[in-house]
Amino acid sequence: MKHHLLLLSLCLLPVFLLSCEDRNTTYSEQLKAERQIIKDYIAREGIRVIYEYPDQWGEKDYYLVEGYDYFYFHLNEQGDTATTFEDGDIVLTRYKRFSLDIYPDTVSYWTTDDGGYPISFTYGNNQDENCCIGWQIAVKQCKHSEAVCTIICPNKLGFTSTGSDVIPYGYQLSFKKKR
């Protein structure tokens, strides 16, 4: 009986070790994988990476925001050019968060009823739990209230609620200054 248990244990050990293999990746390996996911997404979507903020946006132009590795910004709609954001402003936000996989999942929607601006945060406050650093960067790049943008956001600039996994996300965002 003991031999059977020992034999069974020895047979199951490789299965156990293989199942744990993916969980034991280093942070450096996770970052490398995240970068590859972003690069693959950019190639698959035919995105043209630009290194200066343009006066005119092409449909597939994404600006690699200076100072932020792997953070890409695309302005979909300029918004109300008469209204700009300043530190301390309350920003109302609608968003869609999506994965950058080959078959992307929309993780979060504009709102549950697809209307209004359900989330607010303070512009310039990187400690505000209702947004992530990536959203703060996006507001700065949008410049104007009622602008709409799409960003590619690496995990370190995203929400901490995504846990210890190093997973990048895309966001379509609409920002409005609360009056």
# chains A, B, ... in the order shown; residues from 1 in each chain; ligands from 1
>>> residues_around(residues="Lys143 in chain A", least_positions_apart="3", cutoff="7 Å", atoms="only C-alpha atoms", output="MDAnalysis selection string")
chainID A and resid 84:85 139:140
>>> atom_distance(atom1="CA of Asn126 in chain A", atom2="CA of Ser99 in chain A")
23.2 Å
>>> residues_around(residues="Arg48 in chain A", least_positions_apart="3", cutoff="9 Å", atoms="only C-alpha atoms", output="ChimeraX atom specification")
/A:42-43,58,60-63
>>> closest_residue(among="A:Leu157, A:Val91, A:Cys149, A:Ile38", to="Lys176 in chain A", atoms="only C-alpha atoms")
A:Val91
>>> select_by_dssp(residues="range 53-164 of chain A", states="helix (DSSP H, G or I)", output="ChimeraX atom specification")
/A:133-142,155-157,160-162
>>> write_last_selection(atoms="all heavy atoms", output="tab-separated table (two decimals), in the first residue's frame")
chain	number	residue	atom	x	y	z
A	133	ILE	N	-3.04	56.42	-12.65
A	133	ILE	CA	-2.09	57.40	-13.18
A	133	ILE	C	-2.27	57.54	-14.69
A	133	ILE	O	-2.19	58.63	-15.24
A	133	ILE	CB	-0.65	57.02	-12.81
A	133	ILE	CG1	-0.46	57.13	-11.29
A	133	ILE	CG2	0.36	57.89	-13.53
A	133	ILE	CD1	0.84	56.58	-10.77
A	134	GLY	N	-2.56	56.43	-15.36
A	134	GLY	CA	-2.78	56.48	-16.80
A	134	GLY	C	-3.91	57.42	-17.19
A	134	GLY	O	-3.84	58.12	-18.19
A	135	TRP	N	-4.99	57.45	-16.39
A	135	TRP	CA	-6.09	58.37	-16.67
A	135	TRP	C	-5.65	59.81	-16.46
A	135	TRP	O	-6.05	60.70	-17.21
A	135	TRP	CB	-7.29	58.05	-15.80
A	135	TRP	CG	-8.04	56.80	-16.18
A	135	TRP	CD1	-7.63	55.80	-17.00
A	135	TRP	CD2	-9.33	56.45	-15.74
A	135	TRP	NE1	-8.59	54.83	-17.08
A	135	TRP	CE2	-9.64	55.20	-16.32
A	135	TRP	CE3	-10.25	57.04	-14.89
A	135	TRP	CZ2	-10.85	54.55	-16.09
A	135	TRP	CZ3	-11.46	56.40	-14.67
A	135	TRP	CH2	-11.76	55.17	-15.26
A	136	GLN	N	-4.86	60.05	-15.43
A	136	GLN	CA	-4.36	61.41	-15.19
A	136	GLN	C	-3.53	61.88	-16.40
A	136	GLN	O	-3.67	63.01	-16.85
A	136	GLN	CB	-3.52	61.45	-13.91
A	136	GLN	CG	-4.28	61.15	-12.64
A	136	GLN	CD	-5.04	62.35	-12.09
A	136	GLN	OE1	-4.99	63.45	-12.60
A	136	GLN	NE2	-5.76	62.11	-11.00
A	137	ILE	N	-2.68	61.00	-16.89
A	137	ILE	CA	-1.86	61.32	-18.07
A	137	ILE	C	-2.77	61.60	-19.27
A	137	ILE	O	-2.54	62.55	-20.03
A	137	ILE	CB	-0.88	60.17	-18.39
A	137	ILE	CG1	0.10	59.96	-17.23
A	137	ILE	CG2	-0.13	60.45	-19.68
A	137	ILE	CD1	0.88	58.66	-17.31
A	138	ALA	N	-3.81	60.80	-19.42
A	138	ALA	CA	-4.72	60.96	-20.55
A	138	ALA	C	-5.45	62.31	-20.50
A	138	ALA	O	-5.61	62.97	-21.52
A	138	ALA	CB	-5.73	59.81	-20.60
A	139	VAL	N	-5.88	62.73	-19.31
A	139	VAL	CA	-6.54	64.04	-19.18
A	139	VAL	C	-5.57	65.14	-19.63
A	139	VAL	O	-5.96	66.05	-20.37
A	139	VAL	CB	-7.01	64.30	-17.73
A	139	VAL	CG1	-7.47	65.75	-17.57
A	139	VAL	CG2	-8.14	63.35	-17.36
A	140	LYS	N	-4.34	65.05	-19.19
A	140	LYS	CA	-3.34	66.06	-19.56
A	140	LYS	C	-3.15	66.09	-21.08
A	140	LYS	O	-3.02	67.16	-21.68
A	140	LYS	CB	-2.01	65.75	-18.88
A	140	LYS	CG	-0.94	66.77	-19.17
A	140	LYS	CD	0.33	66.49	-18.39
A	140	LYS	CE	1.35	67.58	-18.65
A	140	LYS	NZ	2.57	67.36	-17.87
A	141	GLN	N	-3.16	64.92	-21.72
A	141	GLN	CA	-2.98	64.86	-23.17
A	141	GLN	C	-4.23	65.34	-23.91
A	141	GLN	O	-4.12	65.96	-24.96
A	141	GLN	CB	-2.62	63.43	-23.61
A	141	GLN	CG	-1.33	62.90	-23.03
A	141	GLN	CD	-0.14	63.78	-23.33
A	141	GLN	OE1	0.08	64.19	-24.46
A	141	GLN	NE2	0.64	64.07	-22.31
A	142	CYS	N	-5.41	65.08	-23.35
A	142	CYS	CA	-6.66	65.52	-23.98
A	142	CYS	C	-6.77	67.04	-23.96
A	142	CYS	O	-7.24	67.65	-24.91
A	142	CYS	CB	-7.87	64.91	-23.27
A	142	CYS	SG	-8.21	63.21	-23.70
A	155	ASN	N	0.57	48.09	-17.05
A	155	ASN	CA	0.06	47.79	-15.72
A	155	ASN	C	0.51	48.78	-14.66
A	155	ASN	O	-0.28	49.18	-13.81
A	155	ASN	CB	0.45	46.37	-15.33
A	155	ASN	CG	-0.04	45.99	-13.96
A	155	ASN	OD1	0.66	46.18	-12.97
A	155	ASN	ND2	-1.24	45.47	-13.90
A	156	LYS	N	1.76	49.21	-14.70
A	156	LYS	CA	2.27	50.09	-13.63
A	156	LYS	C	1.58	51.45	-13.62
A	156	LYS	O	1.63	52.16	-12.63
A	156	LYS	CB	3.79	50.26	-13.73
A	156	LYS	CG	4.26	51.05	-14.93
A	156	LYS	CD	5.76	51.17	-14.96
A	156	LYS	CE	6.22	51.93	-16.18
A	156	LYS	NZ	7.66	52.01	-16.24
A	157	LEU	N	0.90	51.81	-14.71
A	157	LEU	CA	0.17	53.07	-14.76
A	157	LEU	C	-1.34	52.85	-14.66
A	157	LEU	O	-2.12	53.79	-14.70
A	157	LEU	CB	0.50	53.84	-16.05
A	157	LEU	CG	1.97	54.20	-16.23
A	157	LEU	CD1	2.20	54.83	-17.60
A	157	LEU	CD2	2.44	55.13	-15.12
A	160	THR	N	-4.51	49.54	-9.43
A	160	THR	CA	-3.90	48.55	-8.55
A	160	THR	C	-4.83	47.37	-8.32
A	160	THR	O	-4.40	46.32	-7.91
A	160	THR	CB	-3.53	49.18	-7.19
A	160	THR	OG1	-4.70	49.75	-6.60
A	160	THR	CG2	-2.46	50.23	-7.34
A	161	SER	N	-6.10	47.53	-8.62
A	161	SER	CA	-7.07	46.45	-8.42
A	161	SER	C	-6.83	45.27	-9.37
A	161	SER	O	-7.42	44.22	-9.19
A	161	SER	CB	-8.49	46.96	-8.58
A	161	SER	OG	-8.69	47.42	-9.91
A	162	THR	N	-5.98	45.47	-10.39
A	162	THR	CA	-5.68	44.35	-11.28
A	162	THR	C	-4.75	43.36	-10.61
A	162	THR	O	-4.43	42.33	-11.17
A	162	THR	CB	-5.08	44.84	-12.62
A	162	THR	OG1	-3.89	45.57	-12.35
A	162	THR	CG2	-6.06	45.67	-13.39
>>> closest_residue(among="A:Asn125, A:Ile152, A:Val166, A:Ile102", to="Asp40 in chain A", atoms="only C-alpha atoms")
A:Ile102
>>> atom_distance(atom1="CA of Pro54 in chain A", atom2="CA of Tyr171 in chain A")
20.2 Å
>>> residues_around(residues="Tyr103 in chain A", least_positions_apart="6", cutoff="12 Å", atoms="only C-alpha atoms", output="JSON, numbers by chain")
{"A": [41, 44, 45]}
>>> residues_around(residues="Glu52 in chain A", least_positions_apart="3", cutoff="10 Å", atoms="only C-alpha atoms", output="compact mmCIF listing (two decimals) with C-alpha atoms, in the first residue's frame")
# COMPACT_ATOMS: atom_id res chain seq x y z
CA VAL A 49 3.48 55.12 -33.31
CA ASP A 55 -1.66 69.01 -34.75
CA TYR A 62 -0.83 56.82 -31.29
CA TYR A 63 1.51 59.16 -29.47
CA LEU A 64 4.12 57.49 -27.26
CA VAL A 65 3.82 59.87 -24.33
CA GLU A 66 7.22 61.22 -23.41
>>> atom_distance(atom1="CA of Ser120 in chain A", atom2="CA of Leu75 in chain A")
20.3 Å
>>> closest_residue(among="A:Pro168, A:Asp80, A:Gly67, A:Phe73", to="Ile151 in chain A", atoms="only C-alpha atoms")
A:Phe73
>>> closest_residue(among="A:Glu34, A:Glu129, A:Glu59, A:Asp165", to="Gly46 in chain A", atoms="only C-alpha atoms")
A:Glu59
